[in-house]
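To be precise, the following lines are start-v9.txt, and they hold compact mmCIF, N, CA and C atoms.
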```txt
# COMPACT_ATOMS: atom_id res chain seq x y z
N MET A 226 170.30 -9.27 -72.50
CA MET A 226 169.36 -8.88 -73.54
C MET A 226 168.60 -7.63 -73.13
N LYS A 227 168.30 -7.50 -71.84
CA LYS A 227 167.58 -6.34 -71.37
C LYS A 227 168.41 -5.07 -71.56
N ARG A 228 169.71 -5.19 -71.33
CA ARG A 228 170.58 -4.04 -71.50
C ARG A 228 170.60 -3.59 -72.96
N TRP A 229 170.56 -4.54 -73.88
CA TRP A 229 170.61 -4.22 -75.31
C TRP A 229 169.39 -3.41 -75.73
N LYS A 230 168.21 -3.77 -75.26
CA LYS A 230 166.99 -3.07 -75.65
C LYS A 230 166.94 -1.66 -75.10
N ASN A 231 167.59 -1.43 -73.98
CA ASN A 231 167.58 -0.10 -73.38
C ASN A 231 168.78 0.76 -73.80
N SER A 232 169.67 0.21 -74.58
CA SER A 232 170.88 0.96 -74.94
C SER A 232 170.61 1.96 -76.06
N ARG A 233 171.48 2.95 -76.15
CA ARG A 233 171.36 3.96 -77.21
C ARG A 233 171.62 3.35 -78.58
N ILE A 234 172.51 2.43 -78.63
CA ILE A 234 172.84 1.81 -79.92
C ILE A 234 171.62 1.09 -80.48
N HIS A 235 170.91 0.37 -79.62
CA HIS A 235 169.70 -0.32 -80.06
C HIS A 235 168.67 0.67 -80.58
N LYS A 236 168.49 1.77 -79.89
CA LYS A 236 167.52 2.77 -80.32
C LYS A 236 167.90 3.38 -81.66
N VAL A 237 169.19 3.66 -81.84
CA VAL A 237 169.67 4.23 -83.10
C VAL A 237 169.50 3.23 -84.23
N VAL A 238 169.85 1.97 -83.98
CA VAL A 238 169.73 0.93 -85.01
C VAL A 238 168.26 0.75 -85.39
N CYS A 239 167.38 0.73 -84.41
CA CYS A 239 165.95 0.58 -84.71
C CYS A 239 165.43 1.75 -85.51
N ARG A 240 165.91 2.95 -85.19
CA ARG A 240 165.48 4.13 -85.92
C ARG A 240 165.97 4.07 -87.36
N LEU A 241 167.20 3.64 -87.56
CA LEU A 241 167.76 3.55 -88.90
C LEU A 241 167.13 2.43 -89.71
N MET A 242 166.81 1.32 -89.05
CA MET A 242 166.23 0.17 -89.74
C MET A 242 164.74 0.37 -90.02
N GLY A 243 164.15 1.39 -89.42
CA GLY A 243 162.72 1.64 -89.67
C GLY A 243 161.82 0.76 -88.83
N ASP A 244 162.06 0.71 -87.54
CA ASP A 244 161.21 -0.06 -86.63
C ASP A 244 159.80 0.53 -86.68
N LYS A 245 158.81 -0.28 -87.03
CA LYS A 245 157.46 0.21 -87.22
C LYS A 245 156.52 -0.26 -86.11
N ALA A 246 157.02 -0.46 -84.92
CA ALA A 246 156.17 -0.95 -83.83
C ALA A 246 155.10 0.05 -83.45
N GLY A 247 155.38 1.33 -83.54
CA GLY A 247 154.40 2.35 -83.18
C GLY A 247 153.37 2.60 -84.26
N GLY A 248 153.65 2.19 -85.48
CA GLY A 248 152.74 2.42 -86.59
C GLY A 248 151.44 1.66 -86.46
N VAL A 249 151.52 0.45 -85.96
CA VAL A 249 150.33 -0.38 -85.80
C VAL A 249 149.41 0.24 -84.75
N MET A 250 150.01 0.73 -83.67
CA MET A 250 149.21 1.36 -82.62
C MET A 250 148.49 2.59 -83.17
N MET A 251 149.17 3.34 -84.02
CA MET A 251 148.55 4.54 -84.59
C MET A 251 147.36 4.17 -85.47
N GLU A 252 147.45 3.07 -86.18
CA GLU A 252 146.32 2.62 -87.00
C GLU A 252 145.12 2.30 -86.12
N TYR A 253 145.36 1.67 -84.98
CA TYR A 253 144.27 1.37 -84.05
C TYR A 253 143.66 2.66 -83.49
N VAL A 254 144.49 3.64 -83.24
CA VAL A 254 143.99 4.92 -82.73
C VAL A 254 143.11 5.59 -83.78
N ILE A 255 143.55 5.59 -85.02
CA ILE A 255 142.77 6.19 -86.10
C ILE A 255 141.45 5.44 -86.27
N LEU A 256 141.48 4.13 -86.20
CA LEU A 256 140.26 3.33 -86.31
C LEU A 256 139.30 3.64 -85.16
N ALA A 257 139.82 3.77 -83.95
CA ALA A 257 138.97 4.09 -82.79
C ALA A 257 138.35 5.47 -82.94
N VAL A 258 139.10 6.43 -83.46
CA VAL A 258 138.56 7.78 -83.66
C VAL A 258 137.46 7.77 -84.71
N LEU A 259 137.64 7.01 -85.78
CA LEU A 259 136.60 6.93 -86.81
C LEU A 259 135.33 6.28 -86.28
N ILE A 260 135.48 5.23 -85.47
CA ILE A 260 134.31 4.58 -84.88
C ILE A 260 133.60 5.53 -83.94
N ALA A 261 134.36 6.26 -83.12
CA ALA A 261 133.76 7.22 -82.20
C ALA A 261 133.01 8.31 -82.96
N ALA A 262 133.58 8.77 -84.05
CA ALA A 262 132.91 9.79 -84.86
C ALA A 262 131.61 9.25 -85.46
N ALA A 263 131.62 8.02 -85.91
CA ALA A 263 130.41 7.41 -86.45
C ALA A 263 129.33 7.28 -85.39
N VAL A 264 129.71 6.93 -84.19
CA VAL A 264 128.74 6.82 -83.09
C VAL A 264 128.14 8.19 -82.77
N VAL A 265 128.98 9.22 -82.73
CA VAL A 265 128.48 10.57 -82.46
C VAL A 265 127.49 11.01 -83.53
N VAL A 266 127.80 10.76 -84.78
CA VAL A 266 126.90 11.14 -85.87
C VAL A 266 125.59 10.36 -85.78
N ALA A 267 125.66 9.07 -85.50
CA ALA A 267 124.45 8.26 -85.40
C ALA A 267 123.56 8.72 -84.25
N VAL A 268 124.16 9.03 -83.12
CA VAL A 268 123.37 9.50 -81.97
C VAL A 268 122.76 10.87 -82.28
N ALA A 269 123.51 11.71 -82.95
CA ALA A 269 122.98 13.04 -83.29
C ALA A 269 121.81 12.93 -84.25
N MET A 270 121.89 11.99 -85.19
CA MET A 270 120.82 11.87 -86.19
C MET A 270 119.60 11.13 -85.67
N PHE A 271 119.82 10.06 -84.91
CA PHE A 271 118.70 9.20 -84.52
C PHE A 271 118.40 9.26 -83.04
N GLY A 272 119.02 10.15 -82.30
CA GLY A 272 118.89 10.19 -80.84
C GLY A 272 117.46 10.37 -80.36
N LYS A 273 116.77 11.39 -80.87
CA LYS A 273 115.42 11.66 -80.40
C LYS A 273 114.46 10.52 -80.72
N THR A 274 114.59 9.98 -81.90
CA THR A 274 113.71 8.88 -82.30
C THR A 274 113.95 7.65 -81.44
N LEU A 275 115.23 7.34 -81.19
CA LEU A 275 115.53 6.17 -80.37
C LEU A 275 115.05 6.33 -78.94
N VAL A 276 115.24 7.52 -78.38
CA VAL A 276 114.78 7.75 -77.01
C VAL A 276 113.27 7.61 -76.93
N GLY A 277 112.58 8.17 -77.91
CA GLY A 277 111.12 8.06 -77.91
C GLY A 277 110.65 6.62 -78.03
N MET A 278 111.28 5.86 -78.92
CA MET A 278 110.86 4.47 -79.11
C MET A 278 111.18 3.61 -77.87
N PHE A 279 112.34 3.84 -77.25
CA PHE A 279 112.66 3.09 -76.04
C PHE A 279 111.72 3.48 -74.89
N ASN A 280 111.31 4.73 -74.86
CA ASN A 280 110.37 5.16 -73.83
C ASN A 280 109.03 4.46 -74.01
N VAL A 281 108.57 4.37 -75.26
CA VAL A 281 107.32 3.67 -75.55
C VAL A 281 107.45 2.19 -75.20
N ALA A 282 108.58 1.59 -75.58
CA ALA A 282 108.78 0.16 -75.29
C ALA A 282 108.82 -0.10 -73.79
N ALA A 283 109.46 0.79 -73.05
CA ALA A 283 109.54 0.60 -71.60
C ALA A 283 108.16 0.69 -70.95
N LYS A 284 107.39 1.66 -71.39
CA LYS A 284 106.04 1.79 -70.83
C LYS A 284 105.14 0.66 -71.30
N GLY A 285 105.33 0.19 -72.53
CA GLY A 285 104.53 -0.91 -73.04
C GLY A 285 104.85 -2.22 -72.35
N ALA A 286 106.09 -2.39 -71.88
CA ALA A 286 106.48 -3.63 -71.20
C ALA A 286 105.93 -3.69 -69.79
N THR A 287 105.54 -2.55 -69.25
CA THR A 287 104.94 -2.53 -67.92
C THR A 287 103.43 -2.46 -68.08
N THR A 288 102.75 -2.14 -67.03
CA THR A 288 101.29 -2.09 -67.07
C THR A 288 100.78 -0.70 -67.43
N GLN A 289 101.64 0.16 -67.93
CA GLN A 289 101.25 1.53 -68.27
C GLN A 289 100.84 1.63 -69.73
N GLU A 290 99.79 0.93 -70.09
CA GLU A 290 99.37 0.88 -71.49
C GLU A 290 98.89 2.25 -71.99
N LYS A 291 98.12 2.96 -71.18
CA LYS A 291 97.63 4.28 -71.61
C LYS A 291 98.78 5.26 -71.79
N ALA A 292 99.74 5.22 -70.87
CA ALA A 292 100.90 6.11 -70.99
C ALA A 292 101.72 5.76 -72.22
N ALA A 293 101.83 4.46 -72.52
CA ALA A 293 102.57 4.03 -73.71
C ALA A 293 101.89 4.53 -74.98
N ASN A 294 100.57 4.41 -75.04
CA ASN A 294 99.84 4.89 -76.22
C ASN A 294 99.96 6.40 -76.38
N THR A 295 99.89 7.12 -75.25
CA THR A 295 100.04 8.58 -75.31
C THR A 295 101.43 8.97 -75.78
N THR A 296 102.44 8.30 -75.23
CA THR A 296 103.82 8.59 -75.62
C THR A 296 104.05 8.25 -77.09
N LEU A 297 103.51 7.12 -77.55
CA LEU A 297 103.65 6.72 -78.94
C LEU A 297 103.01 7.75 -79.87
N LYS A 298 101.82 8.23 -79.48
CA LYS A 298 101.15 9.24 -80.30
C LYS A 298 101.97 10.53 -80.35
N SER A 299 102.55 10.95 -79.23
CA SER A 299 103.34 12.18 -79.23
C SER A 299 104.63 12.01 -80.05
N VAL A 300 105.23 10.83 -79.99
CA VAL A 300 106.44 10.57 -80.79
C VAL A 300 106.11 10.59 -82.27
N ARG A 301 105.00 9.97 -82.65
CA ARG A 301 104.60 9.96 -84.06
C ARG A 301 104.26 11.37 -84.55
N ASP A 302 103.58 12.15 -83.71
CA ASP A 302 103.27 13.53 -84.09
C ASP A 302 104.54 14.35 -84.28
N ALA A 303 105.50 14.16 -83.37
CA ALA A 303 106.77 14.89 -83.48
C ALA A 303 107.51 14.49 -84.76
N GLN A 304 107.48 13.20 -85.10
CA GLN A 304 108.12 12.75 -86.33
C GLN A 304 107.44 13.34 -87.56
N LYS A 305 106.12 13.42 -87.54
CA LYS A 305 105.40 14.02 -88.67
C LYS A 305 105.75 15.50 -88.80
N ASP A 306 105.83 16.19 -87.66
CA ASP A 306 106.20 17.61 -87.70
C ASP A 306 107.61 17.79 -88.24
N ASN A 307 108.53 16.94 -87.79
CA ASN A 307 109.91 17.03 -88.28
C ASN A 307 109.98 16.74 -89.78
N ALA A 308 109.21 15.75 -90.23
CA ALA A 308 109.21 15.42 -91.66
C ALA A 308 108.61 16.56 -92.46
N SER A 309 107.58 17.18 -91.92
CA SER A 309 106.96 18.31 -92.61
C SER A 309 107.93 19.49 -92.69
N SER A 310 108.66 19.74 -91.61
CA SER A 310 109.65 20.82 -91.61
C SER A 310 110.76 20.53 -92.61
N ALA A 311 111.20 19.28 -92.66
CA ALA A 311 112.25 18.91 -93.61
C ALA A 311 111.76 19.05 -95.04
N ARG A 312 110.51 18.67 -95.30
CA ARG A 312 109.93 18.79 -96.64
C ARG A 312 109.83 20.26 -97.04
N ASP A 313 109.36 21.10 -96.12
CA ASP A 313 109.26 22.54 -96.41
C ASP A 313 110.64 23.14 -96.69
N TYR A 314 111.62 22.73 -95.91
CA TYR A 314 112.98 23.23 -96.12
C TYR A 314 113.51 22.80 -97.48
N HIS A 315 113.28 21.53 -97.82
CA HIS A 315 113.72 21.02 -99.12
C HIS A 315 113.06 21.80 -100.25
N ASP A 316 111.76 22.00 -100.14
CA ASP A 316 111.03 22.69 -101.20
C ASP A 316 111.47 24.15 -101.32
N SER A 317 111.85 24.77 -100.21
CA SER A 317 112.30 26.16 -100.28
C SER A 317 113.69 26.26 -100.93
N MET A 318 114.48 25.20 -100.84
CA MET A 318 115.81 25.22 -101.42
C MET A 318 115.84 24.77 -102.87
N HIS A 319 114.83 24.01 -103.29
CA HIS A 319 114.79 23.46 -104.64
C HIS A 319 113.48 23.87 -105.31
N ASP A 320 113.49 23.87 -106.62
CA ASP A 320 112.29 24.23 -107.36
C ASP A 320 111.30 23.08 -107.46
N THR A 321 111.78 21.86 -107.36
CA THR A 321 110.91 20.71 -107.52
C THR A 321 110.62 20.08 -106.17
N PRO A 322 109.40 19.56 -105.97
CA PRO A 322 109.10 18.88 -104.71
C PRO A 322 109.79 17.52 -104.65
N LEU A 323 109.77 16.91 -103.47
CA LEU A 323 110.37 15.59 -103.31
C LEU A 323 109.63 14.57 -104.16
N LYS A 324 110.31 13.47 -104.49
CA LYS A 324 109.71 12.41 -105.31
C LYS A 324 108.47 11.86 -104.62
N GLY A 325 107.47 11.55 -105.39
CA GLY A 325 106.26 10.94 -104.84
C GLY A 325 105.26 11.97 -104.35
N GLU A 326 105.58 13.24 -104.46
CA GLU A 326 104.66 14.27 -104.01
C GLU A 326 104.25 15.13 -105.19
N THR A 327 103.02 15.60 -105.16
CA THR A 327 102.53 16.46 -106.21
C THR A 327 102.18 17.81 -105.59
N GLU A 328 102.21 18.81 -106.45
CA GLU A 328 101.87 20.16 -105.97
C GLU A 328 100.41 20.42 -106.09
```

Would you mind writing the file out in structure tokens?
Amino acid sequence: MKRWKNSRIHKVVCRLMGDKAGGVMMEYVILAVLIAAAVVVAVAMFGKTLVGMFNVAAKGATTQEKAANTTLKSVRDAQKDNASSARDYHDSMHDTPLKGETE
């Protein structure tokens, strides 16, 4: 049986019959690439916020309460600045302000 699987005739017959053993592996490769791309996008979008929040949580779990409060305040200020920059960019690209805001 081992000789049959390694023979040229077996390879030709499998090719003619449409052996799809490699197709399933390719689907897994495509799925892995899509998952990796999603992870890269998520880290790019939420990376700074997650790092800041984990930093605050790590300091809060220890006895560094003042450092945790300082870090939390700086993270919140950075988020406000980023939101303000995003709002300004949106308003410069569109004639109307974002929903919930008045001029």

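Straight-line separation from atom N of Thr274 in chain A to CA of Asp302 in chain A: 12.1 Å.
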
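The coordinates place CA of Val281 in chain A at 10.9 Å from CA of Arg301 in chain A.
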
Provide the CA of Leu297 in chain A to atom C of Asn280 in chain A distance in Å, to one decimal place.
-> 7.6 Å
